[in-house]
Amino acid sequence: MNYKSLFFILFIVFFFSCKQEPQHLTRIEGKQISISDSLESDLEIEAFVKPYREHVNKELDSVLAYSVDTYSKSDGELNTAIGNLFADVIFEQANPVFKQRTGKDIDMVLVNHGGIRSIISKGNVTTRTAYEIMPFENSIVVVGLKGSSINQLITYLLEAKRAHPISKLKVVVDEDFNLVETSISNKPIEASKTYYVATNDYLYNGGDSMTFFQPNDSLFILNYKIRNAFLDYFAKVDTINPVIDDRFIKLKK
Amino acid sequence: MKRRYFIQQTTAAAALTTIGGITLPSFKASEKATKITILHTNDVHSHIDPFGPEDGRNPNKGGVARRASLVQSIRNENPNTLLLDAGDIFQGTPYFNYYGGEIEFKLMSKLKYDAATIGNHDFDNGIDGLYAQLPHAEFAFLSANYDFSNTIMDTHVKPYKVFKRDGIKIGVFGLGIMLDGLVLKDLYKETVYLNPTEIAQDMSRILKEEEHCDLVICLSHLGYNYTNYPERPSDLKLAASTKNIDLIIGGHTHTFLPKPTITKNIEGKNVLVNQVGCYGINLGRIDFFFDIDKNKTVNGTSIIV
């Protein structure tokens, strides 16, 4: 037998023996399993998480201020106490930063009602409170908008009929939501003047259908997170006691 | 009962290949029925601890330690298991704010995740923040439609990965959502978003025809379906415009499905689309049964959901 035929036989043997029968997909079963308290916890995972959890909880439970009441974004029609606090804190904390950088003042603040993610409960205000009301990483931006764009912003508020938090802007409407009065820092809005509007980066980019921030005259990114503004504010004050006022109201007949 | 009958029958059909007195045990694997189990999560959003008993929506649900024991029990039952995540691992509890995603990645490594795709919130600490946590991740990051070439993530994300389990080749590729308008440019930097439909057509061809995969799985963070924006890419649109994909594991829209969706691909063949809500309160499980007996596929693959 020569080598050629030996290789041929070996080839045949290996060819047939190695020829894998292809497997075919015959059946698929799909379901969802609920992760509930009926499942046991893996002890190793528990032990791993424990020190992190203890550290985070200790930090989060540190008391920063005291809230005299419970504030919810559903208490109030066109402006709410917690929403007014939201907008006013952004003004108070961001204006010094903006002024230092530009020499100018913020003229008004607008954020969105949906961005208030939790109530503030009566009692101790902790670091956790700031995380609850603002879990997202959004930052404060200041946008230079002409008075004409401010009018679009007001039209948006009239159509939304929601208590979107505002500061320094005043809007009064009649029963049918026709404008009765608008002002910024108690002055009429001038169409050609540039106003510096503080908001967050999410809304600036068209979030909640706020399309009026672009185009604009200028944009200032303060690199100041909304949550950090709250943490700094809570650390600064002893008590919080926001109220519903007349910044956005509907007149009764 | 049906399942037991199925297993008994296939075991009986399996025989040892012996030619010329030479036994080749290494080929045994292909002769029996094989079950591949795919486990998946999406949009866990840093939810490490279970929700408390007072939670308004999901009391006593979720928790990584419970998920770990469930995954382990399934692996004990079937070692041919893959564990996958469809993105948005980051952001949602102070664990992320304090530790930047380190605990999330370490825990996923402990649970032996095989692969994850990248969600929009995984850019929340910037692309540098994501990169900084990579040393803690012992699993693959897959994204075929994010081009990271001009970013720090270059070479750390693969378009796809082929896993081999008991002779079965499973190709998994990742898809991410359009970043512009959703994530600040400052955060995603020079990451380039490519059309997910075109990329998926390309990926499924490569995995099926070049890599000869038995199963093709898409890990998607596109979102399940957008009824108000029919032009927006979604898992259901992707399923309808591609071929050779067996399973799309979705995320982003936090969709709770009563059961996995069976839909048709561009060739009229069945595709499974699944998503399990969010916050780690559910685990998705899809079992694929393979058999050498071709008679069993005469009436097509049966899907039980």
# chains A, B, ... in the order shown; residues from 1 in each chain; ligands from 1
$ residues_around --residues "B:Asp214" --least-positions-apart "4" --cutoff "10 Å" --atoms "only C-alpha atoms" --output "compact mmCIF listing (two decimals) with N, CA, C and O atoms, in the first residue's frame"
# COMPACT_ATOMS: atom_id res chain seq x y z
N PRO A 22 -25.66 18.26 11.65
CA PRO A 22 -26.03 19.59 12.12
C PRO A 22 -27.26 19.52 13.03
O PRO A 22 -28.16 18.74 12.79
N GLN A 23 -27.21 20.33 14.05
CA GLN A 23 -28.38 20.37 14.94
C GLN A 23 -29.36 21.42 14.41
O GLN A 23 -28.95 22.44 13.89
N HIS A 24 -30.60 21.14 14.58
CA HIS A 24 -31.62 22.06 14.09
C HIS A 24 -32.40 22.63 15.27
O HIS A 24 -32.66 21.94 16.24
N LEU A 25 -32.77 23.88 15.13
CA LEU A 25 -33.57 24.53 16.16
C LEU A 25 -34.99 23.99 16.03
O LEU A 25 -35.64 24.16 15.00
N LYS B 164 -19.66 29.82 22.01
CA LYS B 164 -19.89 28.42 21.66
C LYS B 164 -20.28 27.67 22.91
O LYS B 164 -19.56 27.69 23.91
N GLY B 167 -21.29 22.91 21.37
CA GLY B 167 -21.31 22.75 19.92
C GLY B 167 -22.20 23.73 19.18
O GLY B 167 -22.17 23.81 17.95
N ILE B 168 -22.99 24.49 19.91
CA ILE B 168 -23.89 25.46 19.28
C ILE B 168 -23.20 26.83 19.27
O ILE B 168 -22.69 27.28 20.30
N LYS B 169 -23.20 27.48 18.08
CA LYS B 169 -22.58 28.81 17.97
C LYS B 169 -23.65 29.88 18.10
O LYS B 169 -24.63 29.90 17.34
N ILE B 170 -23.44 30.76 19.05
CA ILE B 170 -24.41 31.82 19.32
C ILE B 170 -23.74 33.16 19.03
O ILE B 170 -22.78 33.54 19.70
N GLY B 171 -24.25 33.85 18.04
CA GLY B 171 -23.70 35.17 17.69
C GLY B 171 -24.54 36.26 18.33
O GLY B 171 -25.76 36.27 18.19
N LEU B 207 -22.90 37.07 10.86
CA LEU B 207 -23.03 36.03 11.89
C LEU B 207 -23.58 34.73 11.31
O LEU B 207 -23.17 33.64 11.69
N LYS B 208 -24.51 34.86 10.36
CA LYS B 208 -25.13 33.66 9.79
C LYS B 208 -24.22 33.04 8.72
O LYS B 208 -23.95 31.85 8.75
N ASN B 244 -32.58 36.45 9.55
CA ASN B 244 -31.59 35.63 10.26
C ASN B 244 -31.39 36.01 11.73
O ASN B 244 -30.46 35.51 12.37
N ASP B 246 -32.74 35.57 15.43
CA ASP B 246 -33.67 34.71 16.15
C ASP B 246 -34.33 35.43 17.31
O ASP B 246 -35.48 35.19 17.63
N PHE B 290 -32.21 22.44 20.50
CA PHE B 290 -31.63 21.98 19.24
C PHE B 290 -31.64 20.46 19.20
O PHE B 290 -31.50 19.80 20.24
$ interface_residues --of "chain B" --to "chain A" --cutoff "6 Å" --atoms "only C-alpha atoms" --output "list in words"
Asn60, Lys61, Gly62, Ala65, Arg66, Ala68, Ser69, Ile281, Asn282, Leu283, Gly284, Arg285, Ile286, Asp287, Phe288, Phe289, Phe290, Asp291, Ile292, Thr297, Thr301, Ser302, Ile303, Ile304 and Val305 of chain B
$ select_by_dssp --residues "stretch 59-267 of chain B" --states "strand (DSSP E or B)" --output "JSON, numbers by chain"
{"B": [81, 82, 83, 84, 85, 115, 116, 140, 141, 142, 146, 147, 158, 160, 161, 162, 163, 164, 165, 168, 169, 170, 171, 172, 173, 174, 175, 180, 183, 192, 193, 215, 216, 217, 218, 219, 220, 247, 248, 249, 256, 261, 262, 263, 264]}
$ write_last_selection --atoms "C-alpha atoms" --output "short mmCIF file (atom, residue, chain, number, x, y, z; two decimals), in the first residue's frame"
data_model
loop_
_atom_site.label_atom_id
_atom_site.label_comp_id
_atom_site.auth_asym_id
_atom_site.auth_seq_id
_atom_site.Cartn_x
_atom_site.Cartn_y
_atom_site.Cartn_z
CA THR B 81 -26.54 29.50 29.61
CA LEU B 82 -25.72 33.04 28.51
CA LEU B 83 -26.52 36.07 30.65
CA LEU B 84 -26.96 39.33 28.72
CA ASP B 85 -27.90 42.95 29.45
CA ALA B 115 -22.15 40.58 27.39
CA ALA B 116 -23.94 43.92 27.57
CA ALA B 140 -17.94 42.02 26.78
CA PHE B 141 -19.41 45.34 25.64
CA LEU B 142 -21.08 44.95 22.27
CA TYR B 146 -21.65 53.14 17.72
CA ASP B 147 -18.36 53.97 16.08
CA LYS B 158 -16.78 44.94 19.83
CA TYR B 160 -20.38 41.26 18.05
CA LYS B 161 -19.15 38.18 19.85
CA VAL B 162 -19.61 34.52 19.02
CA PHE B 163 -20.16 32.20 22.00
CA LYS B 164 -19.89 28.42 21.66
CA ARG B 165 -21.93 26.31 24.03
CA ILE B 168 -23.89 25.46 19.28
CA LYS B 169 -22.58 28.81 17.97
CA ILE B 170 -24.41 31.82 19.32
CA GLY B 171 -23.70 35.17 17.69
CA VAL B 172 -24.60 38.23 19.74
CA PHE B 173 -24.39 41.79 18.41
CA GLY B 174 -25.28 45.11 20.03
CA LEU B 175 -27.23 48.16 18.86
CA ASP B 180 -28.06 63.34 19.47
CA VAL B 183 -27.32 62.62 25.46
CA VAL B 192 -20.66 58.23 15.87
CA TYR B 193 -24.15 56.75 15.65
CA LEU B 215 -28.39 31.39 16.81
CA VAL B 216 -28.26 35.12 16.15
CA ILE B 217 -29.20 37.45 19.00
CA CYS B 218 -29.47 41.23 18.86
CA LEU B 219 -28.92 43.13 22.10
CA SER B 220 -30.72 46.39 21.46
CA LEU B 247 -34.06 36.95 19.19
CA ILE B 248 -34.02 40.68 19.85
CA ILE B 249 -33.44 41.54 23.50
CA PHE B 256 -43.19 45.36 30.50
CA THR B 261 -43.49 39.05 21.31
CA ILE B 262 -43.47 36.77 18.27
CA THR B 263 -43.24 38.81 15.08
CA LYS B 264 -42.24 38.25 11.44
#
$ atom_distance --atom1 "atom CA of A:Gly114" --atom2 "atom CA of B:Pro258"
27.7 Å
$ residues_around --residues "stretch 229-244 of chain A" --least-positions-apart "5" --cutoff "6 Å" --atoms "only C-alpha atoms" --output "NGL selection string"
:A and (64-68 or 80-81 or 85 or 93)
$ closest_residue --among "B:Asn58, B:Thr37, B:Asn150, B:Asn42" --to "B:Asn76" --atoms "only C-alpha atoms"
B:Thr37
$ residues_around --residues "B:Ser46" --least-positions-apart "6" --cutoff "6 Å" --atoms "only C-alpha atoms" --output "ChimeraX atom specification"
/B:90-93
$ atom_distance --atom1 "atom CA of A:Asn216" --atom2 "atom CA of A:Ser148"
10.7 Å
$ closest_residue --among "B:Asn195, B:Gly277, B:Gly52, B:Glu102" --to "B:Asn145" --atoms "only C-alpha atoms"
B:Asn195
$ residues_around --residues "A:Asp69" --least-positions-apart "6" --cutoff "8 Å" --atoms "only C-alpha atoms" --output "PyMOL selection string"
chain A and resi 121-123+241
$ residues_around --residues "A:Lys250" --least-positions-apart "2" --cutoff "7 Å" --atoms "only C-alpha atoms" --output "tab-separated table (two decimals) with N, CA and C atoms, in the first residue's frame"
chain	number	residue	atom	x	y	z
A	172	VAL	N	-50.16	86.39	33.97
A	172	VAL	CA	-51.54	86.40	34.46
A	172	VAL	C	-52.46	86.18	33.27
A	173	VAL	N	-53.38	85.24	33.41
A	173	VAL	CA	-54.32	84.96	32.32
A	173	VAL	C	-55.76	85.07	32.83
A	174	ASP	N	-56.69	85.27	31.87
A	174	ASP	CA	-58.10	85.26	32.28
A	174	ASP	C	-58.61	83.82	32.27
A	175	GLU	N	-59.90	83.69	32.51
A	175	GLU	CA	-60.48	82.34	32.63
A	175	GLU	C	-60.28	81.49	31.39
A	252	LYS	N	-60.19	84.90	38.23
A	252	LYS	CA	-61.58	84.42	38.29
A	252	LYS	C	-62.49	85.52	37.77
$ select_by_dssp --residues "stretch 114-227 of chain A" --states "helix (DSSP H, G or I)" --output "PDB file with N, CA, C and O atoms, in the first residue's frame"
ATOM      1  N   GLY A 114     -42.576  68.192  35.204  1.00  0.00           N
ATOM      2  CA  GLY A 114     -42.228  66.767  35.247  1.00  0.00           C
ATOM      3  C   GLY A 114     -40.865  66.505  35.860  1.00  0.00           C
ATOM      4  O   GLY A 114     -40.573  65.378  36.265  1.00  0.00           O
ATOM      5  N   GLY A 115     -40.028  67.553  35.927  1.00  0.00           N
ATOM      6  CA  GLY A 115     -38.678  67.380  36.466  1.00  0.00           C
ATOM      7  C   GLY A 115     -38.629  67.325  37.984  1.00  0.00           C
ATOM      8  O   GLY A 115     -37.584  67.011  38.556  1.00  0.00           O
ATOM      9  N   THR A 127     -29.624  64.796  52.528  1.00  0.00           N
ATOM     10  CA  THR A 127     -29.014  64.638  51.204  1.00  0.00           C
ATOM     11  C   THR A 127     -29.916  63.772  50.328  1.00  0.00           C
ATOM     12  O   THR A 127     -30.081  64.006  49.145  1.00  0.00           O
ATOM     13  N   ARG A 128     -30.545  62.772  50.960  1.00  0.00           N
ATOM     14  CA  ARG A 128     -31.446  61.885  50.226  1.00  0.00           C
ATOM     15  C   ARG A 128     -32.593  62.669  49.585  1.00  0.00           C
ATOM     16  O   ARG A 128     -33.016  62.351  48.468  1.00  0.00           O
ATOM     17  N   THR A 129     -33.078  63.708  50.291  1.00  0.00           N
ATOM     18  CA  THR A 129     -34.159  64.526  49.733  1.00  0.00           C
ATOM     19  C   THR A 129     -33.752  65.109  48.379  1.00  0.00           C
ATOM     20  O   THR A 129     -34.536  65.097  47.431  1.00  0.00           O
ATOM     21  N   ALA A 130     -32.533  65.604  48.300  1.00  0.00           N
ATOM     22  CA  ALA A 130     -32.064  66.196  47.046  1.00  0.00           C
ATOM     23  C   ALA A 130     -31.991  65.150  45.934  1.00  0.00           C
ATOM     24  O   ALA A 130     -32.320  65.439  44.786  1.00  0.00           O
ATOM     25  N   TYR A 131     -31.583  63.933  46.299  1.00  0.00           N
ATOM     26  CA  TYR A 131     -31.548  62.856  45.302  1.00  0.00           C
ATOM     27  C   TYR A 131     -32.952  62.440  44.870  1.00  0.00           C
ATOM     28  O   TYR A 131     -33.171  62.070  43.725  1.00  0.00           O
ATOM     29  N   GLU A 132     -33.893  62.495  45.818  1.00  0.00           N
ATOM     30  CA  GLU A 132     -35.260  62.089  45.480  1.00  0.00           C
ATOM     31  C   GLU A 132     -35.936  63.094  44.561  1.00  0.00           C
ATOM     32  O   GLU A 132     -36.562  62.720  43.572  1.00  0.00           O
ATOM     33  N   ILE A 133     -35.804  64.375  44.878  1.00  0.00           N
ATOM     34  CA  ILE A 133     -36.476  65.357  44.023  1.00  0.00           C
ATOM     35  C   ILE A 133     -35.739  65.532  42.704  1.00  0.00           C
ATOM     36  O   ILE A 133     -36.334  65.877  41.702  1.00  0.00           O
ATOM     37  N   GLY A 147     -36.753  88.910  23.388  1.00  0.00           N
ATOM     38  CA  GLY A 147     -38.118  89.025  23.905  1.00  0.00           C
ATOM     39  C   GLY A 147     -39.122  88.253  23.062  1.00  0.00           C
ATOM     40  O   GLY A 147     -40.075  87.676  23.589  1.00  0.00           O
ATOM     41  N   SER A 148     -38.880  88.212  21.734  1.00  0.00           N
ATOM     42  CA  SER A 148     -39.812  87.485  20.863  1.00  0.00           C
ATOM     43  C   SER A 148     -39.826  85.994  21.205  1.00  0.00           C
ATOM     44  O   SER A 148     -40.880  85.343  21.163  1.00  0.00           O
ATOM     45  N   SER A 149     -38.658  85.448  21.559  1.00  0.00           N
ATOM     46  CA  SER A 149     -38.606  84.033  21.965  1.00  0.00           C
ATOM     47  C   SER A 149     -39.254  83.837  23.331  1.00  0.00           C
ATOM     48  O   SER A 149     -39.853  82.790  23.599  1.00  0.00           O
ATOM     49  N   ILE A 150     -39.120  84.869  24.195  1.00  0.00           N
ATOM     50  CA  ILE A 150     -39.781  84.792  25.509  1.00  0.00           C
ATOM     51  C   ILE A 150     -41.293  84.696  25.305  1.00  0.00           C
ATOM     52  O   ILE A 150     -41.984  83.964  26.015  1.00  0.00           O
ATOM     53  N   ASN A 151     -41.798  85.420  24.285  1.00  0.00           N
ATOM     54  CA  ASN A 151     -43.228  85.334  24.013  1.00  0.00           C
ATOM     55  C   ASN A 151     -43.632  83.921  23.560  1.00  0.00           C
ATOM     56  O   ASN A 151     -44.713  83.452  23.908  1.00  0.00           O
ATOM     57  N   GLN A 152     -42.752  83.267  22.809  1.00  0.00           N
ATOM     58  CA  GLN A 152     -43.020  81.855  22.442  1.00  0.00           C
ATOM     59  C   GLN A 152     -43.043  80.974  23.688  1.00  0.00           C
ATOM     60  O   GLN A 152     -43.851  80.048  23.798  1.00  0.00           O
ATOM     61  N   LEU A 153     -42.110  81.274  24.590  1.00  0.00           N
ATOM     62  CA  LEU A 153     -42.037  80.531  25.862  1.00  0.00           C
ATOM     63  C   LEU A 153     -43.354  80.685  26.635  1.00  0.00           C
ATOM     64  O   LEU A 153     -43.893  79.705  27.169  1.00  0.00           O
ATOM     65  N   ILE A 154     -43.894  81.916  26.625  1.00  0.00           N
ATOM     66  CA  ILE A 154     -45.149  82.170  27.349  1.00  0.00           C
ATOM     67  C   ILE A 154     -46.311  81.446  26.652  1.00  0.00           C
ATOM     68  O   ILE A 154     -47.166  80.848  27.321  1.00  0.00           O
ATOM     69  N   THR A 155     -46.312  81.474  25.315  1.00  0.00           N
ATOM     70  CA  THR A 155     -47.343  80.736  24.568  1.00  0.00           C
ATOM     71  C   THR A 155     -47.315  79.257  24.947  1.00  0.00           C
ATOM     72  O   THR A 155     -48.358  78.630  25.135  1.00  0.00           O
ATOM     73  N   TYR A 156     -46.095  78.716  25.090  1.00  0.00           N
ATOM     74  CA  TYR A 156     -45.945  77.315  25.511  1.00  0.00           C
ATOM     75  C   TYR A 156     -46.609  77.095  26.877  1.00  0.00           C
ATOM     76  O   TYR A 156     -47.347  76.133  27.081  1.00  0.00           O
ATOM     77  N   LEU A 157     -46.358  78.017  27.821  1.00  0.00           N
ATOM     78  CA  LEU A 157     -46.933  77.877  29.165  1.00  0.00           C
ATOM     79  C   LEU A 157     -48.458  77.924  29.115  1.00  0.00           C
ATOM     80  O   LEU A 157     -49.141  77.180  29.827  1.00  0.00           O
ATOM     81  N   LEU A 158     -48.998  78.804  28.249  1.00  0.00           N
ATOM     82  CA  LEU A 158     -50.452  78.925  28.155  1.00  0.00           C
ATOM     83  C   LEU A 158     -51.065  77.664  27.565  1.00  0.00           C
ATOM     84  O   LEU A 158     -52.150  77.248  27.960  1.00  0.00           O
ATOM     85  N   GLU A 159     -50.367  77.067  26.591  1.00  0.00           N
ATOM     86  CA  GLU A 159     -50.892  75.839  25.990  1.00  0.00           C
ATOM     87  C   GLU A 159     -50.754  74.651  26.935  1.00  0.00           C
ATOM     88  O   GLU A 159     -51.621  73.792  26.993  1.00  0.00           O
ATOM     89  N   ALA A 160     -49.645  74.615  27.683  1.00  0.00           N
ATOM     90  CA  ALA A 160     -49.400  73.486  28.589  1.00  0.00           C
ATOM     91  C   ALA A 160     -50.365  73.512  29.774  1.00  0.00           C
ATOM     92  O   ALA A 160     -50.780  72.457  30.260  1.00  0.00           O
ATOM     93  N   ASP A 201     -30.086  71.561  30.919  1.00  0.00           N
ATOM     94  CA  ASP A 201     -29.585  71.125  29.608  1.00  0.00           C
ATOM     95  C   ASP A 201     -30.581  70.240  28.867  1.00  0.00           C
ATOM     96  O   ASP A 201     -30.660  70.261  27.646  1.00  0.00           O
ATOM     97  N   TYR A 202     -31.397  69.497  29.613  1.00  0.00           N
ATOM     98  CA  TYR A 202     -32.400  68.627  28.984  1.00  0.00           C
ATOM     99  C   TYR A 202     -33.449  69.466  28.252  1.00  0.00           C
ATOM    100  O   TYR A 202     -33.777  69.205  27.092  1.00  0.00           O
ATOM    101  N   LEU A 203     -33.944  70.487  28.928  1.00  0.00           N
ATOM    102  CA  LEU A 203     -34.977  71.331  28.310  1.00  0.00           C
ATOM    103  C   LEU A 203     -34.381  72.189  27.197  1.00  0.00           C
ATOM    104  O   LEU A 203     -35.009  72.422  26.170  1.00  0.00           O
ATOM    105  N   TYR A 204     -33.150  72.654  27.409  1.00  0.00           N
ATOM    106  CA  TYR A 204     -32.479  73.444  26.376  1.00  0.00           C
ATOM    107  C   TYR A 204     -32.427  72.667  25.060  1.00  0.00           C
ATOM    108  O   TYR A 204     -32.591  73.226  23.979  1.00  0.00           O
ATOM    109  N   GLY A 207     -36.247  69.064  25.348  1.00  0.00           N
ATOM    110  CA  GLY A 207     -37.008  68.166  26.212  1.00  0.00           C
ATOM    111  C   GLY A 207     -38.351  68.783  26.591  1.00  0.00           C
ATOM    112  O   GLY A 207     -38.476  70.006  26.666  1.00  0.00           O
ATOM    113  N   ASP A 208     -39.364  67.920  26.796  1.00  0.00           N
ATOM    114  CA  ASP A 208     -40.726  68.362  27.118  1.00  0.00           C
ATOM    115  C   ASP A 208     -41.281  69.316  26.042  1.00  0.00           C
ATOM    116  O   ASP A 208     -42.081  70.198  26.340  1.00  0.00           O
ATOM    117  N   SER A 209     -40.825  69.136  24.805  1.00  0.00           N
ATOM    118  CA  SER A 209     -41.265  69.938  23.645  1.00  0.00           C
ATOM    119  C   SER A 209     -40.994  71.432  23.808  1.00  0.00           C
ATOM    120  O   SER A 209     -41.711  72.260  23.250  1.00  0.00           O
ATOM    121  N   THR A 211     -39.300  73.948  22.476  1.00  0.00           N
ATOM    122  CA  THR A 211     -38.530  74.184  21.244  1.00  0.00           C
ATOM    123  C   THR A 211     -38.029  75.618  21.114  1.00  0.00           C
ATOM    124  O   THR A 211     -37.321  75.940  20.170  1.00  0.00           O
ATOM    125  N   PHE A 212     -38.405  76.473  22.087  1.00  0.00           N
ATOM    126  CA  PHE A 212     -38.109  77.905  21.945  1.00  0.00           C
ATOM    127  C   PHE A 212     -36.703  78.299  22.407  1.00  0.00           C
ATOM    128  O   PHE A 212     -36.298  79.439  22.247  1.00  0.00           O
ATOM    129  N   PHE A 213     -35.952  77.354  22.989  1.00  0.00           N
ATOM    130  CA  PHE A 213     -34.599  77.705  23.444  1.00  0.00           C
ATOM    131  C   PHE A 213     -33.597  77.780  22.292  1.00  0.00           C
ATOM    132  O   PHE A 213     -32.504  78.306  22.439  1.00  0.00           O
ATOM    133  N   ILE A 226     -28.171  70.572  38.875  1.00  0.00           N
ATOM    134  CA  ILE A 226     -29.362  71.012  39.600  1.00  0.00           C
ATOM    135  C   ILE A 226     -29.336  70.433  41.024  1.00  0.00           C
ATOM    136  O   ILE A 226     -29.611  71.132  41.996  1.00  0.00           O
ATOM    137  N   ARG A 227     -28.985  69.150  41.142  1.00  0.00           N
ATOM    138  CA  ARG A 227     -28.985  68.524  42.462  1.00  0.00           C
ATOM    139  C   ARG A 227     -27.971  69.196  43.381  1.00  0.00           C
ATOM    140  O   ARG A 227     -28.247  69.429  44.561  1.00  0.00           O
TER     141      ARG A 227
END
$ atom_distance --atom1 "atom CA of A:Val97" --atom2 "atom CA of A:Ala198"
11.6 Å
$ residues_around --residues "B:Tyr131" --least-positions-apart "6" --cutoff "9 Å" --atoms "only C-alpha atoms" --output "list of chain:residue names"
B:Ile152, B:Met153, B:His156
$ write_last_selection --atoms "N, CA, C and O atoms" --output "mmCIF file, in the first residue's frame"
data_model
loop_
_atom_site.group_PDB
_atom_site.id
_atom_site.type_symbol
_atom_site.label_atom_id
_atom_site.label_comp_id
_atom_site.auth_asym_id
_atom_site.auth_seq_id
_atom_site.Cartn_x
_atom_site.Cartn_y
_atom_site.Cartn_z
ATOM 1 N N ILE B 152 -12.022 57.468 23.473
ATOM 2 C CA ILE B 152 -11.231 56.694 24.429
ATOM 3 C C ILE B 152 -11.698 55.233 24.510
ATOM 4 O O ILE B 152 -10.957 54.340 24.922
ATOM 5 N N MET B 153 -12.949 54.982 24.066
ATOM 6 C CA MET B 153 -13.518 53.627 24.118
ATOM 7 C C MET B 153 -13.066 52.756 22.943
ATOM 8 O O MET B 153 -13.423 51.573 22.876
ATOM 9 N N HIS B 156 -12.374 48.907 22.905
ATOM 10 C CA HIS B 156 -12.948 48.305 24.116
ATOM 11 C C HIS B 156 -14.375 47.813 23.897
ATOM 12 O O HIS B 156 -14.963 47.198 24.786
#
